[in-house]
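Structure file start.cif (mmCIF, C-alpha atoms) is printed below.
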data_start
loop_
_atom_site.label_atom_id
_atom_site.label_comp_id
_atom_site.auth_asym_id
_atom_site.auth_seq_id
_atom_site.Cartn_x
_atom_site.Cartn_y
_atom_site.Cartn_z
CA MET N 1 55.28 170.87 36.94
CA ARG N 2 57.45 173.82 37.90
CA LEU N 3 61.10 174.11 36.90
CA GLU N 4 62.37 173.66 40.45
CA GLU N 5 60.50 170.35 40.75
CA THR N 6 62.25 168.72 37.78
CA GLU N 7 64.88 166.04 38.41
CA LEU N 8 67.66 168.33 37.28
CA LEU N 9 66.81 171.40 39.32
CA ARG N 10 65.39 169.93 42.53
CA GLY N 11 67.35 171.30 45.47
CA VAL N 12 69.63 173.64 43.54
CA GLY N 13 70.54 176.97 45.12
CA GLN N 14 68.18 179.93 44.87
CA ASP N 15 70.66 182.00 42.88
CA THR N 16 71.21 179.21 40.38
CA LEU N 17 67.48 178.62 40.10
CA ALA N 18 66.80 182.31 39.53
CA ARG N 19 69.47 182.44 36.78
CA LEU N 20 68.04 179.33 35.08
CA LYS N 21 64.46 180.61 35.31
CA GLY N 22 65.60 183.81 33.63
CA LEU N 23 67.18 181.83 30.80
CA ALA N 24 64.50 179.17 30.33
CA VAL N 25 62.10 179.42 27.42
CA VAL N 26 58.84 177.57 28.11
CA ARG N 27 56.64 176.46 25.23
CA THR N 28 53.88 173.97 24.47
CA LEU N 29 54.06 171.68 21.46
CA PRO N 30 51.36 169.68 19.64
CA GLN N 31 51.65 165.92 19.27
CA SER N 32 54.34 164.77 16.80
CA ALA N 33 56.03 168.19 16.71
CA LEU N 34 59.78 167.82 16.21
CA LEU N 35 61.68 169.44 19.06
CA CYS N 36 65.16 168.83 17.66
CA SER N 37 66.95 166.65 15.14
CA ALA N 38 70.04 164.49 15.57
CA GLY N 39 73.10 166.55 14.73
CA ASP N 40 71.57 169.93 15.57
CA SER N 41 74.22 172.27 16.88
CA ASP N 42 73.43 174.63 19.75
CA ALA N 43 70.61 172.33 20.88
CA PRO N 44 69.37 173.41 24.32
CA VAL N 45 68.94 171.20 27.36
CA ILE N 46 65.24 170.32 27.61
CA LEU N 47 63.16 169.79 30.74
CA VAL N 48 59.74 168.17 30.38
CA LEU N 49 57.09 170.08 32.37
CA ALA N 50 53.99 168.31 31.00
CA GLY N 51 53.33 165.38 28.66
CA ALA N 52 55.96 163.07 27.21
CA LEU N 53 58.66 163.11 24.54
CA ARG N 54 60.00 160.35 22.32
CA VAL N 55 63.73 160.26 21.64
CA TYR N 56 64.63 158.29 18.52
CA LYS N 57 67.19 157.64 15.83
CA ALA N 58 66.21 157.13 12.19
CA ASP N 59 68.10 155.76 9.19
CA ALA N 60 67.92 156.96 5.59
CA ASP N 61 65.14 154.45 4.83
CA GLY N 62 62.97 155.90 7.57
CA ARG N 63 63.39 152.96 9.95
CA GLU N 64 63.32 154.21 13.51
CA GLN N 65 64.59 153.05 16.87
CA THR N 66 63.02 154.61 19.93
CA VAL N 67 65.88 155.29 22.31
CA ALA N 68 63.85 156.60 25.24
CA THR N 69 60.49 157.95 26.28
CA LEU N 70 60.78 160.86 28.69
CA GLY N 71 58.02 161.96 31.01
CA VAL N 72 57.29 164.87 33.33
CA GLY N 73 60.31 166.12 35.25
CA GLU N 74 62.91 164.38 33.10
CA ALA N 75 65.75 166.07 31.25
CA LEU N 76 67.32 165.46 27.87
CA ASN N 77 70.10 166.73 25.66
CA LEU N 78 72.59 166.96 28.51
CA PRO N 79 75.40 165.91 26.13
CA ALA N 80 74.80 169.24 24.39
CA ALA N 81 76.09 170.90 27.55
CA PHE N 82 78.88 168.57 28.63
CA ALA N 83 80.08 166.21 25.88
CA ASP N 84 83.03 166.88 23.57
CA ASP N 85 80.61 166.55 20.67
CA ARG N 86 77.87 168.97 21.62
CA ARG N 87 75.48 168.23 18.78
CA ALA N 88 72.06 166.81 19.67
CA PRO N 89 72.48 163.02 19.84
CA ALA N 90 68.99 162.07 18.58
CA ASN N 91 65.66 163.29 17.22
CA VAL N 92 63.07 164.34 19.76
CA GLU N 93 59.33 164.61 19.13
CA ALA N 94 56.21 165.30 21.20
CA LEU N 95 54.63 161.96 22.05
CA THR N 96 51.46 163.12 23.78
CA PRO N 97 48.84 165.59 22.50
CA GLU N 98 50.28 168.53 24.45
CA VAL N 99 53.84 168.71 25.66
CA THR N 100 55.23 171.62 27.65
CA VAL N 101 58.99 171.94 27.81
CA ALA N 102 61.53 174.40 29.13
CA SER N 103 64.61 174.97 26.99
CA ILE N 104 67.80 176.10 28.73
CA PRO N 105 70.90 177.17 26.79
CA ALA N 106 73.39 174.31 27.13
CA ARG N 107 76.43 176.48 27.69
CA ALA N 108 74.75 178.45 30.50
CA LEU N 109 73.74 175.21 32.24
CA ALA N 110 77.32 173.94 32.04
CA GLU N 111 78.65 177.17 33.56
CA LEU N 112 76.15 177.06 36.43
CA ALA N 113 76.90 173.37 37.12
CA ALA N 114 80.54 174.37 37.64
CA THR N 115 79.54 176.63 40.55
CA ASP N 116 76.54 174.80 42.06
CA ALA N 117 77.43 171.43 43.57
CA THR N 118 73.79 170.32 43.83
CA LEU N 119 73.20 171.04 40.16
CA ALA N 120 76.41 169.20 39.27
CA ALA N 121 75.23 166.19 41.28
CA THR N 122 71.80 166.09 39.61
CA VAL N 123 73.46 166.37 36.20
CA ILE N 124 75.75 163.44 37.05
CA ARG N 125 72.80 161.39 38.30
CA SER N 126 70.78 162.10 35.17
CA LEU N 127 73.71 161.21 32.89
CA ALA N 128 74.41 158.04 34.90
CA ASN N 129 70.77 156.95 34.59
CA SER N 130 70.92 157.60 30.84
CA ALA N 131 74.14 155.58 30.55
CA ARG N 132 72.51 152.68 32.38
CA HIS N 133 69.39 152.87 30.21
CA LEU N 134 71.46 152.94 27.02
CA SER N 135 73.59 150.03 28.25
CA ASP N 136 70.41 148.00 28.80
CA LEU N 137 69.19 149.00 25.35
CA VAL N 138 72.45 147.88 23.72
CA THR N 139 72.19 144.54 25.53
CA ASP N 140 68.61 144.17 24.39
CA LEU N 141 69.39 144.97 20.75
CA SER N 142 72.60 143.00 20.47
CA LEU N 143 71.94 139.90 22.59
CA ARG N 144 68.20 139.30 22.30
CA SER N 145 66.19 138.26 19.27
CA VAL N 146 63.20 140.28 18.08
CA ARG N 147 61.00 137.48 19.42
CA GLN N 148 62.53 137.84 22.90
CA ARG N 149 62.32 141.62 22.76
CA LEU N 150 58.69 141.41 21.72
CA ALA N 151 57.92 139.07 24.61
CA ARG N 152 59.53 141.53 27.04
CA PHE N 153 57.65 144.43 25.49
CA LEU N 154 54.28 142.68 25.74
CA LEU N 155 54.84 141.73 29.38
CA LEU N 156 55.92 145.24 30.30
CA GLN N 157 52.95 146.85 28.57
CA ALA N 158 50.50 144.40 30.11
CA GLU N 159 51.95 145.15 33.56
CA GLN N 160 51.52 148.86 32.97
CA ALA N 161 47.95 148.32 31.76
CA ASP N 162 47.38 146.30 34.93
CA GLY N 163 48.04 149.52 36.84
CA GLY N 164 44.86 151.00 35.41
CA GLY N 165 45.94 152.56 32.13
CA THR N 166 45.37 151.32 28.62
CA SER N 167 48.38 150.37 26.58
CA ARG N 168 47.56 150.93 22.90
CA TRP N 169 50.06 150.29 20.15
CA THR N 170 50.17 149.74 16.40
CA HIS N 171 52.60 147.20 14.98
CA ALA N 172 54.59 150.08 13.47
CA GLU N 173 54.93 151.73 16.88
CA ILE N 174 56.03 148.46 18.47
CA ALA N 175 58.59 148.09 15.69
CA THR N 176 60.19 151.44 16.55
CA GLN N 177 60.45 150.31 20.17
CA LEU N 178 62.12 147.04 19.21
CA GLY N 179 64.36 148.37 16.44
CA THR N 180 62.85 146.28 13.69
CA ALA N 181 60.38 146.49 10.81
CA ARG N 182 56.60 146.44 11.15
CA GLU N 183 56.36 143.30 9.04
CA VAL N 184 58.64 141.47 11.48
CA VAL N 185 56.49 142.51 14.44
CA SER N 186 53.33 141.34 12.64
CA ARG N 187 54.95 137.99 11.81
CA GLN N 188 56.32 137.41 15.31
CA LEU N 189 53.01 138.36 16.93
CA ARG N 190 51.16 135.90 14.70
CA ALA N 191 53.60 133.21 15.81
CA LEU N 192 53.00 133.99 19.50
CA VAL N 193 49.25 133.80 18.90
CA GLN N 194 49.55 130.49 17.07
CA GLU N 195 51.66 129.09 19.92
CA GLY N 196 49.04 130.11 22.47
CA LEU N 197 51.25 132.50 24.41
CA VAL N 198 49.14 135.45 23.34
CA LEU N 199 45.44 135.49 22.54
CA GLN N 200 44.07 137.95 20.01
CA ASP N 201 40.53 139.01 20.85
CA ARG N 202 39.89 141.45 18.00
CA GLN N 203 41.95 144.55 18.92
CA ARG N 204 42.97 143.11 22.25
CA LEU N 205 46.22 141.22 22.70
CA VAL N 206 45.79 139.18 25.85
CA ILE N 207 48.77 137.67 27.66
CA ALA N 208 47.51 134.08 27.76
CA ASP N 209 50.58 132.32 29.17
CA THR N 210 52.60 134.70 31.32
CA GLN N 211 55.08 132.07 32.50
CA ALA N 212 55.92 130.88 29.00
CA LEU N 213 56.27 134.47 27.84
CA ARG N 214 58.57 135.26 30.77
CA ARG N 215 60.75 132.25 29.94
CA LEU N 216 60.90 133.34 26.33
CA ALA N 217 61.79 136.88 27.41
CA ASP N 218 64.53 135.52 29.67
CA LEU N 219 63.02 137.20 32.74
CA MET H 1 34.86 140.46 22.15
CA PRO H 2 35.66 143.98 23.43
CA GLU H 3 32.58 146.17 23.85
CA HIS H 4 34.25 149.13 22.15
CA MET H 5 35.39 148.06 18.71
CA LEU H 6 38.31 149.85 17.17
CA ALA H 7 38.61 149.98 13.40
CA PRO H 8 41.74 150.13 11.25
CA GLN H 9 42.96 153.69 10.81
CA ILE H 10 43.55 154.84 7.23
CA ASP H 11 45.85 157.86 6.91
CA SER H 12 44.37 159.81 4.02
CA ALA H 13 47.58 161.82 3.68
CA LEU H 14 49.56 158.65 2.95
CA CYS H 15 46.92 156.66 1.02
CA ASN H 16 47.68 156.43 -2.71
CA LEU H 17 44.14 155.22 -3.52
CA CYS H 18 45.41 151.93 -4.99
CA GLY H 19 42.35 150.11 -3.60
CA ARG H 20 44.24 146.98 -2.57
CA CYS H 21 42.82 147.12 0.96
CA ILE H 22 39.33 147.11 -0.54
CA ALA H 23 40.10 144.26 -2.94
CA GLU H 24 41.74 142.06 -0.28
CA CYS H 25 39.46 142.65 2.72
CA PRO H 26 37.94 139.23 3.48
CA THR H 27 34.73 140.68 4.92
CA ASN H 28 34.27 143.66 2.58
CA ALA H 29 34.51 145.97 5.57
CA VAL H 30 36.62 148.42 3.58
CA GLN H 31 34.69 150.29 0.91
CA TRP H 32 35.15 153.27 -1.37
CA VAL H 33 33.50 156.28 0.24
CA GLN H 34 33.66 159.50 -1.76
CA GLY H 35 36.67 158.18 -3.65
CA ARG H 36 38.59 157.04 -0.61
CA PRO H 37 38.93 153.71 1.24
CA GLN H 38 37.04 153.73 4.49
CA ILE H 39 35.87 151.24 7.11
CA LEU H 40 32.10 151.61 6.80
CA HIS H 41 31.08 149.55 9.83
CA ALA H 42 33.61 148.53 12.47
CA ARG H 43 31.44 145.51 13.27
CA ASP H 44 32.10 144.07 9.79
CA CYS H 45 35.85 144.23 10.35
CA VAL H 46 37.40 141.12 11.93
CA TYR H 47 40.70 142.91 12.63
CA CYS H 48 42.69 140.38 10.63
CA GLY H 49 45.30 142.94 9.55
CA VAL H 50 45.23 142.06 5.86
CA CYS H 51 44.64 145.71 4.91
CA GLU H 52 47.67 146.78 6.94
CA ASP H 53 49.87 144.05 5.47
CA ILE H 54 48.79 144.70 1.89
CA CYS H 55 49.04 148.50 1.93
CA PRO H 56 52.11 149.47 -0.13
CA VAL H 57 52.55 152.87 1.51
CA GLY H 58 51.92 152.07 5.18
CA ALA H 59 48.72 154.11 5.29
CA VAL H 60 46.74 151.55 7.30
CA ALA H 61 47.34 150.94 10.99
CA LEU H 62 45.57 148.70 13.48
CA VAL H 63 45.74 149.74 17.11
CA PHE H 64 46.02 146.95 19.68
CA GLU H 65 45.41 147.00 23.42
CA ILE H 66 47.85 144.86 25.39
CA VAL H 67 46.32 143.40 28.55
CA GLN H 68 46.75 140.63 31.10
CA ALA H 69 44.32 137.72 30.85
CA LYS H 70 42.82 138.77 34.18
CA ASP H 71 42.14 142.30 32.88
CA ALA H 72 40.54 140.97 29.73
CA PHE H 73 38.21 138.86 31.87
CA ASP H 74 37.43 141.73 34.27
CA ARG H 75 36.62 144.12 31.43
CA ALA H 76 34.41 141.56 29.71
CA GLU H 77 32.45 141.30 32.97
CA GLU H 78 31.89 145.05 33.19
CA PRO H 79 28.22 146.06 32.67
#

Full structure transcribed into structure tokens:
Amino acid sequence: MRLEETELLRGVGQDTLARLKGLAVVRTLPQSALLCSAGDSDAPVILVLAGALRVYKADADGREQTVATLGVGEALNLPAAFADDRRAPANVEALTPEVTVASIPARALAELAATDATLAATVIRSLANSARHLSDLVTDLSLRSVRQRLARFLLLQAEQADGGGTSRWTHAEIATQLGTAREVVSRQLRALVQEGLVLQDRQRLVIADTQALRRLADL
Amino acid sequence: MPEHMLAPQIDSALCNLCGRCIAECPTNAVQWVQGRPQILHARDCVYCGVCEDICPVGAVALVFEIVQAKDAFDRAEEP
């Protein structure tokens, strides 16, 4: 994807685009490469041009919570340009085997957004979408049990797999999505299998009772 | 049963060679190979997850595919 096709820069003025292209540093990262760490100062705004990134928080014990997965065209680290606290809010790593990103100095983006109304609008839209996503995540983590979150996760992944792809996950990876420990995921999955909501056919987890799982997930 | 059988992944960088996965595997699918635990034949593994649960350093991981019942049936029907 080209810079001007990303969600942040689509439709911005030619002068603004030319300035940003001159400032952007494009690079390709291998899978699992750390792009930035929570608390980094002077973190740039990142635009994903190919592949996907995982945004996550980690505690001192190494337990992780995936905050978001960002795909082609999406932007991250906008708080580095506009928030009072400009440090990077989370860790970011390459999720797919090859990830190409464009880094734009946060301060320069903020200055250009002050003069380009289209850029300002796309920034606001991106931040609003992030706020909504984080609000949903807070609701999920604070008001739903791990069992309910797991049910939602399984249904969502099965729907995505229904679209033609293959959704492959380890228990540890699921745990980072749900904000819990691997052991808890393993235990809760065993319970769903025993109850007949999910069928385990070797490495395949088959949604056996969609309606019951939807009720459990409060959908 | 899926036609393509995945096997538990053992991260050699994390493995501390304690051998508990080998001792606890109910089907003896995990064996010492050149001083390291390894799944010799995926067909022997029943994907029970004991090796993952027992590993004290989180070196073992089982990958799961999440599918709708309809997809599981369709894929089983594929030639």

- Query: Near range 66-83 of chain N, counting all atoms listed in the file, which residues have an atom at most 7 Å away, once you skip same-chain residues fewer than 2 positions from it, shown as number ranges by chain?
  - Reply: N: 5-8, 43-57, 64, 85-88, 106-107, 109-110, 176-177

Evaluated on this file, the PyMOL selection byres ((chain H) within 7 of (chain N)) picks out some residues - which ones are they, written as a JSON list (two decimals) with C-alpha atoms, keeping the file's coordinate frame?
[["chain", "number", "residue", "atom", "x", "y", "z"],
["H", 1, "MET", "CA", 34.86, 140.46, 22.15],
["H", 6, "LEU", "CA", 38.31, 149.85, 17.17],
["H", 46, "VAL", "CA", 37.40, 141.12, 11.93],
["H", 47, "TYR", "CA", 40.70, 142.91, 12.63],
["H", 61, "ALA", "CA", 47.34, 150.94, 10.99],
["H", 62, "LEU", "CA", 45.57, 148.70, 13.48],
["H", 63, "VAL", "CA", 45.74, 149.74, 17.11],
["H", 64, "PHE", "CA", 46.02, 146.95, 19.68],
["H", 65, "GLU", "CA", 45.41, 147.00, 23.42],
["H", 66, "ILE", "CA", 47.85, 144.86, 25.39],
["H", 67, "VAL", "CA", 46.32, 143.40, 28.55],
["H", 68, "GLN", "CA", 46.75, 140.63, 31.10],
["H", 69, "ALA", "CA", 44.32, 137.72, 30.85],
["H", 71, "ASP", "CA", 42.14, 142.30, 32.88],
["H", 72, "ALA", "CA", 40.54, 140.97, 29.73]]

- Item | Option closest in space to Asp140 in chain N, from N:Ile124, N:Leu197, N:Leu178, N:Ile104 [counting only C-alpha atoms] |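 Among the listed residues, N:Leu178 lies closest to Asp140 in chain N.
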
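The coordinates place CA of Cys55 in chain H at 12.5 Å from CA of Val30 in chain H.
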
- Distance of CA of Ile54 in chain H from CA of Arg20 in chain H, expressed in Å to one decimal place: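 That distance, rounded to one decimal, is 6.8 Å.
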
- Query: So how far away is CA of Ser103 in chain N from CA of Asp42 in chain N, in Å?
  - Reply: 11.4 Å

- Task: Take the point (46.4, 158.0, -0.5) as written in the file and pick out every residue within 12 Å of it, counting all atoms listed in the file; give the list as number ranges by chain.
- Result: H: 10-21, 35-38, 55-60

- Query: Given the file above and the PyMOL selection byres ((chain N and resi 14-21) around 10), which residues are selected, and can you give them as a list in words?
  - Reply: Leu3, Glu4, Leu9, Arg10, Gly11, Val12, Gly13, Gly22, Leu23, Ala24, Val25, Val26, Ala102, Ser103, Ile104, Pro105, Ala108, Leu109, Leu112, Ala113, Thr115, Asp116, Thr118 and Leu119 of chain N

- Message: Considering all atoms listed in the file, can you say which of H:Val50, H:Cys45, H:Leu40, H:Met5 comes closest to Glu24 in chain H?
- Response: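 Looking at the shortest contact to Glu24 in chain H, the residue is H:Val50.
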
- Query: Pick from H:Cys48, H:Ala42, H:Val33, H:Ala23: nearest to His4 in chain H, with only C-alpha atoms counted?
  - Reply: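 Looking only at the distances to His4 in chain H, the closest residue turns out to be H:Ala42.
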